[in-house]
Structure formats: C-alpha cells, structure tokens
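Okay, structure.tsv is below, TSV, C-alpha atoms:
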chain	number	residue	atom	x	y	z
M	5	MET	CA	7.64	23.84	57.69
M	6	THR	CA	5.33	24.87	60.51
M	7	ALA	CA	4.65	28.51	61.41
M	8	THR	CA	2.74	28.21	64.65
M	9	GLN	CA	1.07	31.33	66.04
M	10	LEU	CA	0.87	31.20	69.83
M	11	THR	CA	-0.92	33.59	72.16
M	12	GLN	CA	-0.27	33.98	75.87
M	13	VAL	CA	-3.38	35.10	77.74
M	14	GLN	CA	-2.51	36.78	81.05
M	15	ILE	CA	-4.93	38.24	83.58
M	16	ASP	CA	-3.94	41.83	84.37
M	17	ASN	CA	-2.88	42.72	87.92
M	18	TYR	CA	-4.38	39.46	89.16
M	19	GLY	CA	-2.30	38.90	92.30
M	20	PRO	CA	-3.09	42.30	93.86
M	21	TRP	CA	-6.73	42.04	92.71
M	22	THR	CA	-7.22	38.79	94.62
M	23	VAL	CA	-6.49	40.53	97.94
M	24	THR	CA	-8.16	43.91	97.24
M	25	PRO	CA	-10.02	45.31	99.11
M	26	GLU	CA	-9.63	42.12	101.16
M	27	PRO	CA	-8.50	38.56	100.42
M	28	ARG	CA	-10.97	36.63	98.28
M	29	ARG	CA	-11.81	33.00	99.00
M	30	GLU	CA	-9.63	30.63	96.99
M	31	MET	CA	-12.63	28.62	95.85
M	32	ASP	CA	-14.23	31.77	94.43
M	33	LEU	CA	-11.01	32.52	92.54
M	34	GLN	CA	-10.87	28.98	91.18
M	35	THR	CA	-14.45	29.32	89.97
M	36	LEU	CA	-13.70	32.61	88.21
M	37	GLN	CA	-10.62	31.12	86.54
M	38	SER	CA	-12.57	28.09	85.35
M	39	ARG	CA	-15.34	30.19	83.86
M	40	LEU	CA	-12.84	32.50	82.20
M	41	PHE	CA	-11.02	29.55	80.68
M	42	ALA	CA	-14.27	28.12	79.35
M	43	ASP	CA	-15.21	31.41	77.70
M	44	VAL	CA	-11.75	31.98	76.21
M	45	ALA	CA	-11.66	28.38	74.97
M	46	GLN	CA	-15.06	28.74	73.33
M	47	PHE	CA	-14.07	32.01	71.66
M	48	VAL	CA	-10.76	30.70	70.34
M	49	GLY	CA	-12.12	27.25	69.51
M	50	SER	CA	-14.88	28.73	67.35
M	51	ARG	CA	-12.09	30.24	65.22
M	52	ASP	CA	-10.18	26.96	64.83
M	53	GLY	CA	-7.78	27.63	67.70
M	54	TYR	CA	-6.98	25.66	70.84
M	55	VAL	CA	-6.51	27.02	74.38
M	56	PHE	CA	-4.52	25.33	77.16
M	57	PHE	CA	-5.17	26.08	80.84
M	58	THR	CA	-1.55	26.15	82.16
M	59	ARG	CA	-1.55	28.17	85.45
M	60	ALA	CA	-5.12	29.52	85.25
M	61	ASP	CA	-4.13	33.19	85.52
M	62	ASN	CA	-2.08	32.45	82.39
M	63	MET	CA	-3.24	30.43	79.38
M	64	VAL	CA	-1.49	29.46	76.15
M	65	ALA	CA	-3.37	29.20	72.86
M	66	VAL	CA	-2.64	28.07	69.32
M	67	THR	CA	-4.25	30.93	67.38
M	68	ASN	CA	-3.34	30.52	63.71
M	69	GLY	CA	-6.99	31.14	62.85
M	70	LEU	CA	-7.18	34.48	64.70
M	71	ASP	CA	-5.96	37.89	63.55
M	72	ARG	CA	-5.37	41.10	65.51
M	73	ASP	CA	-9.04	42.10	65.36
M	74	ASP	CA	-10.08	38.73	66.80
M	75	HIS	CA	-7.65	39.21	69.68
M	76	ALA	CA	-8.98	42.69	70.41
M	77	LEU	CA	-12.53	41.33	70.36
M	78	LEU	CA	-11.55	38.66	72.88
M	79	GLN	CA	-10.22	41.36	75.21
M	80	GLU	CA	-13.44	43.33	74.85
M	81	SER	CA	-15.53	40.25	75.58
M	82	VAL	CA	-13.60	39.50	78.79
M	83	ARG	CA	-13.76	43.14	79.90
M	84	ASN	CA	-17.55	43.19	79.47
M	85	ARG	CA	-18.16	39.95	81.35
M	86	TYR	CA	-15.55	39.79	84.13
M	87	PRO	CA	-14.16	41.96	86.93
M	88	VAL	CA	-10.69	41.45	85.41
M	89	THR	CA	-9.06	42.21	82.05
M	90	VAL	CA	-6.54	40.23	80.03
M	91	SER	CA	-3.39	41.13	78.14
M	92	LEU	CA	-2.36	39.14	75.07
M	93	GLY	CA	1.10	38.46	73.70
M	94	VAL	CA	1.43	36.83	70.28
M	95	GLY	CA	4.40	35.16	68.59
M	96	VAL	CA	4.97	33.20	65.37
M	97	ASP	CA	7.75	30.70	64.71
M	98	PRO	CA	8.33	27.24	63.24
M	99	VAL	CA	9.25	26.12	66.78
M	100	PRO	CA	6.32	26.55	69.23
M	101	ALA	CA	8.56	27.24	72.24
M	102	THR	CA	10.25	30.08	70.35
M	103	ALA	CA	6.87	31.51	69.36
M	104	LEU	CA	5.79	31.45	73.00
M	105	GLU	CA	9.01	33.13	74.13
M	106	ALA	CA	8.25	36.00	71.73
M	107	ALA	CA	4.66	36.20	73.01
M	108	SER	CA	5.80	36.29	76.63
M	109	ARG	CA	8.45	38.89	75.88
M	110	GLY	CA	5.82	41.22	74.41
M	111	LEU	CA	3.88	41.11	77.68
M	112	GLN	CA	6.94	41.44	79.91
M	113	GLU	CA	8.21	44.47	78.02
M	114	ALA	CA	4.85	46.18	78.48
M	115	GLY	CA	4.97	45.85	82.28
M	116	SER	CA	4.76	43.37	85.12
M	117	ALA	CA	1.87	40.95	85.45
M	118	GLN	CA	1.20	42.70	88.79
M	119	ASP	CA	1.47	46.23	87.42
M	120	GLY	CA	-1.73	48.04	88.32
M	121	GLU	CA	-1.30	50.40	85.37
M	122	ARG	CA	-0.94	47.72	82.71
M	123	ARG	CA	-4.25	46.96	81.03
M	124	GLU	CA	-5.21	44.99	77.92
M	125	VAL	CA	-1.83	44.94	76.22
M	126	LEU	CA	-1.99	43.46	72.71
M	127	ALA	CA	1.59	42.85	71.62
M	128	GLY	CA	3.36	40.82	68.97
M	129	GLU	CA	3.20	39.70	65.38
M	130	PHE	CA	0.47	37.81	63.55
M	131	ARG	CA	0.38	35.41	60.64
M	132	ALA	CA	-0.77	37.22	57.50
M	133	ARG	CA	-2.44	34.04	56.25
M	134	SER	CA	-2.50	30.59	57.79
M	135	THR	CA	-2.56	27.23	56.00
M	136	ASP	CA	-3.13	23.68	57.18
M	137	GLU	CA	0.62	23.05	57.06
M	138	ASP	CA	1.43	25.79	59.57
M	139	VAL	CA	0.50	23.74	62.64
M	140	GLN	CA	1.47	20.24	63.72
M	141	ILE	CA	-0.53	18.88	66.65
M	142	ALA	CA	0.18	15.60	68.44
M	143	HIS	CA	-2.42	13.90	70.62
M	144	PHE	CA	-0.89	11.49	73.13
M	145	ASP	CA	-2.84	9.26	75.45
M	146	VAL	CA	-2.07	6.44	77.84
M	147	ASN	CA	-2.50	2.88	76.59
M	148	ASP	CA	-5.31	1.04	78.41
M	149	ALA	CA	-5.56	3.72	81.12
M	150	THR	CA	-8.94	2.48	82.33
M	151	THR	CA	-7.80	-1.13	82.69
M	152	LYS	CA	-4.37	-0.33	84.13
M	153	TYR	CA	-5.27	2.55	86.40
M	154	THR	CA	-8.88	3.78	86.65
M	155	ASP	CA	-10.45	0.41	87.42
M	156	ARG	CA	-7.62	-0.82	89.64
M	157	GLN	CA	-6.36	2.12	91.72
M	158	ASN	CA	-7.84	4.95	93.70
M	159	GLU	CA	-8.18	8.24	91.83
M	160	PHE	CA	-5.25	9.99	93.49
M	161	ASP	CA	-2.76	7.24	92.68
M	162	THR	CA	-4.09	7.13	89.12
M	163	PHE	CA	-3.64	10.89	88.86
M	164	VAL	CA	-0.04	10.59	90.06
M	165	GLU	CA	0.76	7.93	87.46
M	166	ILE	CA	-0.75	9.97	84.62
M	167	GLU	CA	0.96	13.17	85.78
M	168	GLN	CA	4.34	11.43	85.89
M	169	GLY	CA	3.87	10.41	82.27
M	170	TYR	CA	2.84	13.94	81.36
M	171	ALA	CA	5.84	15.49	83.12
M	172	ALA	CA	8.30	13.16	81.38
M	173	LEU	CA	6.75	13.83	77.97
M	174	MET	CA	6.50	17.57	78.56
M	175	ARG	CA	10.19	17.87	79.41
M	176	HIS	CA	11.29	15.64	76.54
M	177	MET	CA	9.28	17.46	73.86
M	178	ARG	CA	10.41	20.87	75.15
M	179	GLU	CA	14.09	20.03	75.52
M	180	GLU	CA	14.52	17.92	72.39
M	181	HIS	CA	12.25	19.70	69.91
M	182	GLY	CA	10.91	22.98	71.32
M	183	GLY	CA	7.45	21.42	71.41
M	184	LEU	CA	4.87	22.43	74.02
M	185	SER	CA	2.81	19.66	75.63
M	186	PHE	CA	-0.29	20.23	77.75
M	187	PHE	CA	-2.34	17.88	79.93
M	188	VAL	CA	-5.98	18.33	78.89
M	189	GLY	CA	-7.76	15.92	81.21
M	190	GLY	CA	-8.35	12.20	81.53
M	191	ASP	CA	-5.26	10.54	80.11
M	192	ASN	CA	-4.85	12.99	77.22
M	193	ILE	CA	-1.92	15.25	76.36
M	194	ILE	CA	-1.95	17.65	73.39
M	195	ALA	CA	1.36	18.93	72.02
M	196	ALA	CA	2.05	21.78	69.61
M	197	ALA	CA	5.14	20.65	67.75
M	198	PRO	CA	7.51	21.79	65.03
M	199	THR	CA	7.74	19.66	61.88
M	200	LEU	CA	8.78	16.24	63.22
M	201	ARG	CA	9.13	12.82	61.62
M	202	GLU	CA	7.67	9.59	62.92
M	203	ALA	CA	10.97	8.57	64.51
M	204	ALA	CA	10.89	11.61	66.80
M	205	TYR	CA	7.48	10.63	68.15
M	206	ARG	CA	8.56	7.02	68.62
M	207	ALA	CA	11.58	8.29	70.56
M	208	ALA	CA	9.33	10.43	72.78
M	209	ILE	CA	7.08	7.47	73.60
M	210	ASP	CA	10.09	5.25	74.32
M	211	HIS	CA	11.59	7.94	76.58
M	212	VAL	CA	8.43	8.16	78.72
M	213	GLU	CA	8.22	4.39	79.06
M	214	ARG	CA	11.85	4.20	80.19
M	215	GLU	CA	11.55	7.13	82.60
M	216	VAL	CA	8.24	6.44	84.36
M	217	VAL	CA	6.92	3.13	82.95
M	218	VAL	CA	3.88	4.79	81.37
M	219	SER	CA	2.97	3.50	77.91
M	220	LEU	CA	1.68	6.06	75.38
M	221	LYS	CA	0.34	6.16	71.85
M	222	VAL	CA	0.12	9.21	69.61
M	223	GLY	CA	-1.76	10.55	66.62
M	224	VAL	CA	-0.34	13.45	64.61
M	225	GLY	CA	-2.05	15.89	62.25

Spit out the file's structure as structure tokens when you get a sec.
Amino acid sequence: MTATQLTQVQIDNYGPWTVTPEPRREMDLQTLQSRLFADVAQFVGSRDGYVFFTRADNMVAVTNGLDRDDHALLQESVRNRYPVTVSLGVGVDPVPATALEAASRGLQEAGSAQDGERREVLAGEFRARSTDEDVQIAHFDVNDATTKYTDRQNEFDTFVEIEQGYAALMRHMREEHGGLSFFVGGDNIIAAAPTLREAAYRAAIDHVEREVVVSLKVGVG
C-alpha cells in the first residue's frame, strides 16, 4: 500500500506582485519562474524527491524523503535568493490525488494565493518514516517518437501530438485511479500512482491509443 507524501509549492501573492509597482515584462516573469523551479527541483531532488512544474507559480512535488525541517529550509532558501516567498502545503495518502487535495486545502485555509498578508505558510501532515513501498512512480513515453514525429513533422505539430497523448493519459489516470501525471519534457510523462497492477497500466495505454492514436510504453517502480 502506497503512502505518498505530496507538497504543493505556491508563490505567495504572486499575481499582485507581478504588477507592483508596475507591470513586469512577461519574459522576465517566465525567467524567474524557470530559475525558481530549477532551484526547488535541485533542493527536493537531492533529498530523493521529485518536483513537477505544473503552472509555474504552483508546483507539485513528491516529498517522501523530506520532513518538516527540510520544508522550512526550502522556504528559507527561496526567501534568501528571490524577491518572492513560497508557501507549502503537505498531504499524505495512499491515493496521490487525495494527498494533493489535503495539501491544497492547507494552503487555501491559510488565505488566498493573492493575499498580501499570507507569507510562508507551512501546513499539513508529514510521513514519520518513509519506505521504498510508499511511492509508486510510472514513467510513460511515446513509442518511436523521433521516427514518428520529430523527424517527420515540424516542432509545433509534434508538440500537439505529444500533448494530446499527455492530456488523454492525465485525465484517465486521475479519473480512474486518483493518479497524478505530469509532462516532463520530450515525450516523457511521469505519474505518481496508488498501488496498481499491470492490467491497470495496460488499460491506460490502450485508452490513450483509442482516444488520440498515440502509442505509449511504461515502466513502473
């Protein structure tokens, strides 16, 4: 039985900050978000976690290897290096989607994402001790993506094809199993999943092929 610990990373008061004292250039904001993601990913990754970009001002991380002190240290690191701060919500559950709902609820109950008074919230529960069996990760990628898409189509059309496969898989894993799937670049999708058998993964692959004619393979650990 899995017991996935998920952390939602949310930039504090980000919307108002982007237009104060005057609107900031979108490219500058994109650069800040990219650098912040890289630093958060390095911090969490060095502690055996995994961070997903999602909407840039929000990130989702599998953090079974991090305790409360690690989370507080991450907040301190961001505060010392960036003009923004981050709040962190944490949840634990056998079903990743349920864990994330708990993490999000902890942030929402502490105040709006655009609340100028909310700073560096650290809310939620943590795993007392994590084992290798607590997390199930699935790595999907597209069969022969280079031959079928990259070397035959322009980059935008290739991107559309890959994104359609991602969207179909993301919805299926969420609706059928409470799994959370994230596009991580190239033709790769990483999913945090509850305890699933081989048949469930075969069904997910078959669903994507039927829906959008994108052929996937998967490795699970």

Check: If you measure from CA of Pro27 in chain M to CA of Ala45 in chain M, what distance in Å do you get, rounded to one decimal?
Finding: 27.6 Å

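Comparing the minimum interatomic distances between Gln34 in chain M and each of M:Asp136, M:Glu167, M:Asp16, M:Asp61, counting all atoms listed in the file, we find that M:Asp61 sits nearest.
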
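Residues within 12 Å of Arg39 in chain M, counting only C-alpha atoms and excluding same-chain residues fewer than 4 positions away, are Asp32, Leu33, Gln34, Thr35, Asp43, Val44, Ala45, Gln46, Phe57, Ala60, Asp61, Val82, Arg85 and Tyr86 of chain M.
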
Note to self: With only C-alpha atoms as the counted atoms, please give the residues lying no more than 9 Å from Thr58 in chain M, apart from itself and same-chain residues fewer than 6 positions off, as a PyMOL selection string.
What the structure shows: chain M and resi 64+186-187

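Nearest-residue note for Asp119 in chain M: choosing from M:Val216, M:Ile15, M:Val66, M:Ala7, the minimum distance belongs to M:Ile15, counting all atoms listed in the file.
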
Check: Which residues, written as a VMD selection string, have at least one atom at most 9 Å from range 168-183 of chain M, with all atoms listed in the file counted and residues fewer than 6 positions away on the same chain left out?
Finding: chain M and resid 99 to 102 146 191 to 193 195 to 198 200 204 208 to 209 211 to 213 215 to 220

Next item on the list: Write out as a VMD selection string the residues lying within 9 Å of Lys221 in chain M, counting only C-alpha atoms and excluding same-chain residues fewer than 5 positions away.
Entry: chain M and resid 143 to 147 206 209

Env of Val48 in chain M: 9 Å cut, atoms = only C-alpha atoms, seq-sep filter 2 positions within chain, self excluded. Answer as a PDB file with C-alpha atoms, in the coordinates of the input.
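So part.pdb came out as:
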ATOM      1  CA  ASP M  43     -15.210  31.410  77.700  1.00  0.00           C
ATOM      2  CA  VAL M  44     -11.750  31.980  76.210  1.00  0.00           C
ATOM      3  CA  ALA M  45     -11.660  28.380  74.970  1.00  0.00           C
ATOM      4  CA  GLN M  46     -15.060  28.740  73.330  1.00  0.00           C
ATOM      5  CA  SER M  50     -14.880  28.730  67.350  1.00  0.00           C
ATOM      6  CA  ARG M  51     -12.090  30.240  65.220  1.00  0.00           C
ATOM      7  CA  ASP M  52     -10.180  26.960  64.830  1.00  0.00           C
ATOM      8  CA  GLY M  53      -7.780  27.630  67.700  1.00  0.00           C
ATOM      9  CA  TYR M  54      -6.980  25.660  70.840  1.00  0.00           C
ATOM     10  CA  VAL M  55      -6.510  27.020  74.380  1.00  0.00           C
ATOM     11  CA  ALA M  65      -3.370  29.200  72.860  1.00  0.00           C
ATOM     12  CA  VAL M  66      -2.640  28.070  69.320  1.00  0.00           C
ATOM     13  CA  THR M  67      -4.250  30.930  67.380  1.00  0.00           C
ATOM     14  CA  GLY M  69      -6.990  31.140  62.850  1.00  0.00           C
ATOM     15  CA  LEU M  70      -7.180  34.480  64.700  1.00  0.00           C
ATOM     16  CA  ASP M  74     -10.080  38.730  66.800  1.00  0.00           C
ATOM     17  CA  LEU M  78     -11.550  38.660  72.880  1.00  0.00           C
TER      18      LEU M  78
END

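CA of Ala142 in chain M lies 27.9 Å from CA of Arg156 in chain M.
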
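Relative to CA of Ser91 in chain M, CA of Gly49 in chain M is found at 18.5 Å.
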
Checklist line | Using only C-alpha atoms: which of M:Pro98, M:Gly93, M:Gly190, M:Gly223 has the shortest distance to Ala114 in chain M | finding: M:Gly93

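Nearest residue to Asn17 in chain M among M:Asn84, M:Ser108, M:Gln118, M:Thr151 is M:Gln118, counting only C-alpha atoms.
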
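Among the candidates M:Met31, M:Val188, M:Ala106, M:Ala42, the one nearest to Phe130 in chain M when counting only C-alpha atoms is M:Ala106.
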
Taking all atoms of range 32-49 of chain M that appear in the file, build a box with edges along x, y and z, extend it by 8 Å on every side, and state its centre and edge lengths in Å to one decimal, as lines of an AutoDock Vina configuration file.
center_x = -13.0
center_y = 29.9
center_z = 82.0
size_x = 20.7
size_y = 21.4
size_z = 40.9

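For the residues M:Ser185, M:Gln112, M:Thr162, M:Thr150, ranking by smallest atom-to-atom distance to Gly128 in chain M using all atoms listed in the file places M:Gln112 first.
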
Next item on the list: Using only C-alpha atoms, collect all residues at a distance of at most 12 Å from (5.6, 41.3, 73.2) as written in the file, then present them as a ChimeraX atom specification.
Entry: /M:10-13,91-96,103-115,125-130
